[in-house]
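Enquirer: I am sharing upload.cif, which consists of mmCIF, C-alpha atoms and all ligand atoms:
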```cif
data_upload
loop_
_atom_site.label_atom_id
_atom_site.label_comp_id
_atom_site.auth_asym_id
_atom_site.auth_seq_id
_atom_site.Cartn_x
_atom_site.Cartn_y
_atom_site.Cartn_z
CA MET A 202 174.26 26.55 -381.64
CA ARG A 203 172.61 23.34 -382.77
CA LEU A 204 173.49 19.93 -381.32
CA ILE A 205 172.22 16.61 -382.60
CA GLN A 206 171.84 13.90 -379.97
CA ILE A 207 171.49 10.22 -380.73
CA SER A 208 171.42 7.29 -378.32
CA ASP A 209 171.33 3.55 -377.94
CA THR A 210 172.67 2.59 -381.35
CA HIS A 211 173.60 -0.88 -380.02
CA VAL A 212 176.18 -1.47 -382.76
CA SER A 213 176.91 -5.17 -383.16
CA ALA A 214 179.76 -7.08 -384.78
CA ASN A 215 177.82 -10.36 -384.70
CA HIS A 216 174.33 -9.80 -386.04
CA ARG A 217 172.35 -7.52 -388.34
CA PHE A 218 169.01 -7.48 -386.47
CA PHE A 219 168.99 -3.67 -386.24
CA ALA A 220 171.56 -2.89 -388.93
CA GLU A 221 169.09 -1.18 -391.25
CA ASN A 222 168.12 1.25 -388.50
CA LEU A 223 171.79 1.99 -387.87
CA GLU A 224 172.31 2.56 -391.58
CA ALA A 225 169.33 4.93 -391.75
CA THR A 226 170.71 6.84 -388.76
CA THR A 227 174.17 6.98 -390.33
CA ARG A 228 172.84 8.36 -393.63
CA TRP A 229 170.90 11.03 -391.78
CA LEU A 230 173.81 12.05 -389.53
CA ARG A 231 176.13 12.36 -392.52
CA SER A 232 173.59 14.57 -394.29
CA GLN A 233 173.52 17.00 -391.35
CA GLN A 234 177.11 18.21 -391.81
CA ALA A 235 177.26 19.06 -388.12
CA PRO A 236 180.52 20.06 -386.41
CA VAL A 237 179.89 17.57 -383.59
CA PHE A 238 177.33 14.98 -382.43
CA VAL A 239 176.40 13.76 -378.94
CA HIS A 240 175.77 10.06 -378.18
CA THR A 241 174.24 9.19 -374.80
CA GLY A 242 175.35 5.60 -374.51
CA ASP A 243 174.65 2.00 -375.32
CA LEU A 244 176.84 2.61 -378.28
CA GLY A 245 177.41 -1.14 -378.59
CA MET A 246 175.10 -4.15 -378.32
CA ASP A 247 177.37 -6.00 -375.88
CA ALA A 248 180.45 -3.81 -375.72
CA ALA A 249 180.64 -4.51 -371.97
CA GLY A 250 181.05 -8.20 -372.74
CA GLN A 251 182.68 -8.45 -376.16
CA GLU A 252 185.50 -6.27 -377.40
CA VAL A 253 184.41 -6.87 -380.99
CA ASP A 254 181.26 -4.83 -380.28
CA LEU A 255 183.30 -2.02 -378.76
CA HIS A 256 185.56 -2.00 -381.80
CA ALA A 257 182.63 -2.16 -384.22
CA SER A 258 181.20 0.87 -382.36
CA ARG A 259 184.49 2.75 -382.64
CA ASP A 260 184.66 1.99 -386.37
CA TRP A 261 181.06 3.12 -386.86
CA LEU A 262 181.74 6.45 -385.11
CA ALA A 263 184.73 7.03 -387.38
CA GLY A 264 182.45 7.06 -390.42
CA LEU A 265 180.01 9.76 -389.26
CA GLY A 266 181.92 12.67 -390.72
CA ALA A 267 182.12 14.58 -387.42
CA PRO A 268 183.52 13.88 -383.97
CA THR A 269 181.02 12.51 -381.45
CA LEU A 270 180.94 13.31 -377.74
CA CYS A 271 180.05 9.96 -376.15
CA VAL A 272 179.10 8.89 -372.67
CA PRO A 273 178.92 5.17 -371.89
CA GLY A 274 175.82 3.08 -371.22
CA ASN A 275 175.27 -0.16 -369.37
CA HIS A 276 175.87 -2.14 -372.57
CA ASP A 277 179.23 -0.38 -372.93
CA VAL A 278 180.86 -0.48 -369.48
CA GLY A 279 178.45 -2.54 -367.35
CA ASP A 280 176.13 -1.51 -364.53
CA ARG A 281 175.75 -1.63 -360.75
CA SER A 282 176.40 -5.19 -359.58
CA GLU A 283 172.89 -5.56 -358.09
CA ILE A 284 171.44 -4.77 -361.52
CA ASN A 285 173.91 -6.75 -363.61
CA PRO A 286 176.09 -9.05 -361.46
CA ARG A 287 177.58 -10.58 -364.64
CA GLN A 288 178.87 -7.24 -365.97
CA PRO A 289 179.71 -4.86 -363.11
CA VAL A 290 181.46 -1.58 -363.89
CA ASN A 291 185.16 -2.23 -363.19
CA ASP A 292 188.58 -0.87 -364.04
CA GLU A 293 188.99 -3.14 -367.05
CA ARG A 294 185.69 -2.14 -368.67
CA LEU A 295 186.43 1.55 -368.08
CA ARG A 296 189.91 1.14 -369.56
CA LEU A 297 188.58 -0.64 -372.65
CA TRP A 298 186.02 2.12 -373.22
CA ARG A 299 188.59 4.90 -372.82
CA ASP A 300 191.07 3.18 -375.12
CA ALA A 301 188.52 2.55 -377.86
CA ILE A 302 186.12 5.50 -377.62
CA GLY A 303 187.66 8.21 -375.40
CA PRO A 304 186.92 9.80 -372.02
CA ASP A 305 183.79 8.57 -370.22
CA ARG A 306 183.16 12.07 -368.80
CA TRP A 307 183.95 15.39 -370.38
CA VAL A 308 183.47 19.17 -370.25
CA VAL A 309 183.25 21.15 -373.47
CA ASP A 310 182.57 24.89 -373.72
CA ARG A 311 180.88 25.79 -377.00
CA GLU A 312 179.29 29.06 -378.06
CA GLY A 313 178.51 30.33 -374.59
CA TRP A 314 177.38 26.99 -373.15
CA ARG A 315 179.06 24.44 -370.93
CA LEU A 316 178.36 20.88 -372.05
CA ILE A 317 179.02 18.19 -369.47
CA GLY A 318 179.08 14.47 -370.21
CA LEU A 319 178.68 12.24 -367.14
CA ASN A 320 179.37 8.54 -366.78
CA ALA A 321 176.00 7.48 -365.34
CA MET A 322 177.17 3.91 -364.98
CA LEU A 323 179.48 4.78 -362.06
CA LEU A 324 176.56 6.20 -360.04
CA GLY A 325 175.69 4.03 -357.05
CA THR A 326 178.44 1.50 -357.77
CA GLY A 327 180.81 2.43 -354.94
CA HIS A 328 183.65 2.12 -357.47
CA GLN A 329 186.49 4.46 -356.47
CA GLU A 330 185.86 6.58 -359.56
CA GLU A 331 182.32 7.40 -358.42
CA ASP A 332 183.59 9.85 -355.78
CA ILE A 333 186.24 11.16 -358.15
CA GLN A 334 183.50 11.92 -360.65
CA TYR A 335 181.37 13.77 -358.04
CA ALA A 336 184.34 16.02 -357.23
CA TRP A 337 185.00 16.50 -360.94
CA PHE A 338 181.29 17.32 -361.49
CA ASP A 339 181.42 20.02 -358.80
CA GLU A 340 184.38 21.60 -360.57
CA ALA A 341 182.71 21.32 -363.96
CA LEU A 342 179.66 23.17 -362.58
CA ALA A 343 181.75 26.05 -361.25
CA THR A 344 180.91 28.28 -364.20
CA GLU A 345 178.83 31.31 -365.05
CA LEU A 346 177.82 29.69 -368.34
CA PRO A 347 174.45 27.97 -368.78
CA VAL A 348 174.93 24.21 -368.56
CA ALA A 349 173.66 21.19 -370.51
CA ILE A 350 174.27 17.73 -369.03
CA PHE A 351 174.33 14.51 -371.03
CA LEU A 352 174.26 11.04 -369.44
CA HIS A 353 172.95 7.58 -370.25
CA LYS A 354 170.32 7.03 -367.57
CA PRO A 355 167.63 9.61 -366.81
CA LEU A 356 167.93 11.14 -363.34
CA PHE A 357 164.32 10.14 -362.61
CA ILE A 358 161.17 8.87 -364.30
CA ASP A 359 158.30 10.86 -362.75
CA ALA A 360 159.73 13.17 -360.08
CA PRO A 361 163.14 14.28 -358.76
CA ASP A 362 162.32 12.96 -355.27
CA GLU A 363 160.82 9.62 -356.29
CA ALA A 364 161.59 6.33 -354.54
CA PRO A 365 163.86 3.69 -356.19
CA ARG A 366 162.55 2.64 -359.61
CA GLY A 367 164.98 -0.20 -360.30
CA TYR A 368 166.64 -0.71 -363.65
CA TRP A 369 165.74 2.42 -365.61
CA PRO A 370 166.76 5.65 -363.80
CA VAL A 371 169.66 6.76 -361.61
CA ALA A 372 169.14 5.55 -358.01
CA PRO A 373 167.89 8.11 -355.43
CA GLN A 374 171.09 8.50 -353.42
CA PRO A 375 173.43 9.39 -356.30
CA ARG A 376 170.61 11.41 -357.88
CA GLN A 377 170.33 13.62 -354.79
CA ARG A 378 174.09 14.01 -354.72
CA LEU A 379 174.06 15.23 -358.33
CA PHE A 380 171.13 17.58 -357.61
CA ALA A 381 173.00 19.11 -354.65
CA SER A 382 175.82 20.03 -357.05
CA MET A 383 173.49 21.15 -359.84
CA ARG A 384 171.67 23.63 -357.61
CA ARG A 385 174.80 25.79 -357.53
CA ALA A 386 174.89 26.18 -361.32
CA ARG A 387 172.66 27.38 -364.17
CA VAL A 388 171.62 23.95 -365.44
CA LYS A 389 169.12 24.25 -368.31
CA LEU A 390 169.11 20.80 -369.86
CA VAL A 391 169.56 17.19 -368.75
CA ALA A 392 169.49 14.87 -371.76
CA SER A 393 169.63 11.10 -371.45
CA GLY A 394 169.11 7.82 -373.32
CA HIS A 395 168.70 4.22 -372.03
CA LEU A 396 164.88 4.10 -372.06
CA HIS A 397 164.53 3.72 -375.84
CA MET A 398 161.71 6.27 -375.55
CA HIS A 399 161.18 9.93 -376.24
CA ARG A 400 159.81 12.37 -373.68
CA GLN A 401 160.43 15.99 -372.74
CA GLN A 402 159.37 17.70 -369.57
CA THR A 403 160.47 20.77 -367.62
CA VAL A 404 160.84 20.50 -363.85
CA ASP A 405 162.07 23.40 -361.68
CA GLY A 406 163.33 25.25 -364.74
CA ILE A 407 165.37 22.34 -366.13
CA SER A 408 164.38 20.63 -369.38
CA TYR A 409 164.66 16.84 -369.09
CA VAL A 410 164.86 15.20 -372.50
CA TRP A 411 164.76 11.47 -373.14
CA CYS A 412 166.49 10.86 -376.45
CA PRO A 413 165.03 7.86 -378.26
CA ALA A 414 167.14 4.94 -379.49
CA SER A 415 168.39 4.35 -383.03
CA SER A 416 168.16 0.55 -382.83
CA PHE A 417 165.02 -0.98 -381.27
CA VAL A 418 162.17 -0.15 -378.90
CA CYS A 419 161.03 -2.21 -375.92
CA GLY A 420 157.63 -3.86 -375.78
CA GLU A 421 156.22 -6.01 -373.00
CA SER A 422 159.62 -6.32 -371.27
CA GLN A 423 159.47 -2.66 -370.23
CA GLU A 424 156.90 -1.28 -367.83
CA GLU A 425 154.93 1.85 -368.73
CA LEU A 426 157.23 4.80 -368.08
CA GLY A 427 155.36 7.61 -369.79
CA GLY A 428 157.49 8.12 -372.88
CA GLU A 429 156.80 7.46 -376.53
CA ARG A 430 158.25 4.19 -377.87
CA ARG A 431 159.66 5.41 -381.17
CA LEU A 432 163.09 5.42 -382.77
CA GLY A 433 164.63 8.76 -383.67
CA ALA A 434 166.98 11.48 -382.53
CA VAL A 435 166.82 14.86 -380.83
CA VAL A 436 167.91 18.25 -382.14
CA HIS A 437 168.80 20.80 -379.46
CA ASP A 438 168.88 24.48 -380.43
CA PHE A 439 170.71 26.60 -377.88
CA GLY A 440 169.96 30.32 -377.53
CA ALA A 441 171.70 32.80 -375.26
CA ASP A 442 170.16 31.35 -372.11
CA THR A 443 167.55 28.85 -373.25
CA VAL A 444 167.47 25.59 -375.17
CA SER A 445 164.67 24.15 -377.28
CA SER A 446 164.71 20.45 -378.11
CA ARG A 447 162.69 18.54 -380.67
CA PHE A 448 162.25 14.94 -381.74
CA VAL A 449 163.35 14.12 -385.28
CA ARG A 450 162.74 10.98 -387.24
CA PRO A 451 165.45 10.06 -389.75
CA GLU A 452 164.01 8.49 -392.88
CA GLY A 453 164.08 4.72 -393.07
CA LEU A 454 163.76 3.82 -389.39
CA ASP A 455 161.61 0.83 -388.43
CA ASP A 456 160.40 0.61 -384.80
CA LEU A 457 161.56 -2.97 -384.27
CA LEU A 458 160.81 -4.55 -380.91
CA ILE A 459 163.61 -6.12 -378.87
CA GLU A 460 161.55 -9.05 -377.59
CA PRO A 461 161.76 -11.36 -380.65
CA PHE A 462 165.57 -11.08 -380.52
CA ALA A 463 166.08 -11.07 -376.76
CA ARG A 464 166.61 -14.82 -376.46
CA VAL A 465 169.46 -14.68 -378.97
CA LEU A 466 170.98 -11.46 -377.63
CA PHE A 467 170.62 -12.17 -373.90
CA PRO A 468 170.65 -15.97 -373.57
CA ARG A 469 171.33 -16.06 -369.82
FE FE B 1 169.91 0.77 -374.76
FE FE B 2 171.01 1.31 -371.44
#
```
Reformat the file's structure so that it appears as structure tokens.
Expert:
Amino acid sequence: MRLIQISDTHVSANHRFFAENLEATTRWLRSQQAPVFVHTGDLGMDAAGQEVDLHASRDWLAGLGAPTLCVPGNHDVGDRSEINPRQPVNDERLRLWRDAIGPDRWVVDREGWRLIGLNAMLLGTGHQEEDIQYAWFDEALATELPVAIFLHKPLFIDAPDEAPRGYWPVAPQPRQRLFASMRRARVKLVASGHLHMHRQQTVDGISYVWCPASSFVCGESQEELGGERRLGAVVHDFGADTVSSRFVRPEGLDDLLIEPFARVLFPR
């Protein structure tokens, strides 16, 4: 089984700053004739703040020629209030996402694998759905099948037991809660987005893959995290019990930096 993962398309209804990268990604996805794609969040540029971006994202997905399994990012449904007090994850943002895009967490069994999509944006929020998702995750992991997990934020940057790292990864407490559940299953892959970087590393038998963005890379506004700042996608090839993942670079991408546009996009 082959799965193509993309991330951080940041589809916008209001500007065309990264539109050529989105168009290059779209052309490439259509040429793949895949039965399904996976998108690990930040589908929209400001879908957590403007419904037009959520709807532009929905319309873009409809033109890919295959269904897409999506999990939301911070630009889609908001974040923990201490990270983004202006756009906290709340019932209304979750409802808008589900109405426009579909479920924010999912389990799909395909060709001998269990694929799990997690809503990373609930983690550490204290929102009532955070605990519901943990219970759901435990049930989803009750399987003999090998498991691949997809979520927006990486579980960690350098090490599974690292101290808080702020904006970029899942916070330590929810991370340890997820790990406690994962230890009871045959998890082989954890694939994320959010960092706008590519990196792959194997820790304790699990392959951790950072899928690059399709829109822009970060420059000086992002600290050194150890990944490669390039646009692209990831192709995952699943065997009977193993998965191999590789970076791919659709033709026509331009590694645009976010910083020249940040003042327009994020005026506050
Ligand atoms: Fe992003
Ligand atoms: Fe993000």
Enquirer: Residues contacting ligand FE 2 (chain B) - anything with an atom at most 9 Å away, using all atoms listed in the file - can you give me those as a PDB file with C-alpha atoms, keeping the file's coordinate frame?
Expert:
```pdb
ATOM      1  CA  ASP A 209     171.330   3.550-377.940  1.00  0.00           C
ATOM      2  CA  GLY A 242     175.350   5.600-374.510  1.00  0.00           C
ATOM      3  CA  ASP A 243     174.650   2.000-375.320  1.00  0.00           C
ATOM      4  CA  PRO A 273     178.920   5.170-371.890  1.00  0.00           C
ATOM      5  CA  GLY A 274     175.820   3.080-371.220  1.00  0.00           C
ATOM      6  CA  ASN A 275     175.270  -0.160-369.370  1.00  0.00           C
ATOM      7  CA  HIS A 276     175.870  -2.140-372.570  1.00  0.00           C
ATOM      8  CA  ASP A 277     179.230  -0.380-372.930  1.00  0.00           C
ATOM      9  CA  HIS A 353     172.950   7.580-370.250  1.00  0.00           C
ATOM     10  CA  LYS A 354     170.320   7.030-367.570  1.00  0.00           C
ATOM     11  CA  TRP A 369     165.740   2.420-365.610  1.00  0.00           C
ATOM     12  CA  GLY A 394     169.110   7.820-373.320  1.00  0.00           C
ATOM     13  CA  HIS A 395     168.700   4.220-372.030  1.00  0.00           C
ATOM     14  CA  LEU A 396     164.880   4.100-372.060  1.00  0.00           C
ATOM     15  CA  HIS A 397     164.530   3.720-375.840  1.00  0.00           C
TER      16      HIS A 397
END
```
Enquirer: Report, in Å with one decimal, the straight-line distance from CA of Asp362 (chain A) to CA of Ala414 (chain A).
Expert: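 Separation between CA of Asp362 (chain A) and CA of Ala414 (chain A): 26.0 Å.
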Enquirer: Compare A:His240, A:Arg376, A:Arg228, A:His216 by their minimum atom-to-atom distance to ligand FE 1 (chain B), counting only C-alpha atoms and all ligand atoms, and give me the closest one.
Expert: A:His240
Enquirer: For Met202 (chain A), find every residue with an atom within 9 Å (counting all atoms listed in the file), except residues of its own chain fewer than 3 positions away, and show them as a PyMOL selection string.
Expert: chain A and resi 311-312+437-440
Enquirer: What is the distance between CA of Asp300 (chain A) and CA of Val278 (chain A), in Å to one decimal?
Expert: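 Between CA of Asp300 (chain A) and CA of Val278 (chain A) the gap is 12.2 Å.
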Enquirer: Name the closest residue to ligand FE 1 (chain B) among the candidates A:Ile207, A:Ile350, A:Leu244, A:Val465; distances are taken between atoms, counting only C-alpha atoms and all ligand atoms.
Expert: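 Ranking A:Ile207, A:Ile350, A:Leu244, A:Val465 by distance to ligand FE 1 (chain B), first place goes to A:Leu244.
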Enquirer: Enumerate, as a VMD selection string, the protein, DNA and RNA residues whose atoms approach (183.0, 26.5, -364.0) to within 12 Å, taking into account all atoms listed in the file and the coordinate frame of the file.
Expert: chain A and resid 308 to 310 314 to 317 337 to 348 382 to 383 385 to 388
Enquirer: Looking at A:Glu224, A:Val391, A:Gln233, A:Leu319, which one is nearest to Ile333 (chain A), with distances taken over all atoms listed in the file?
Expert: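 Closest to Ile333 (chain A), using all atoms listed in the file: A:Leu319.
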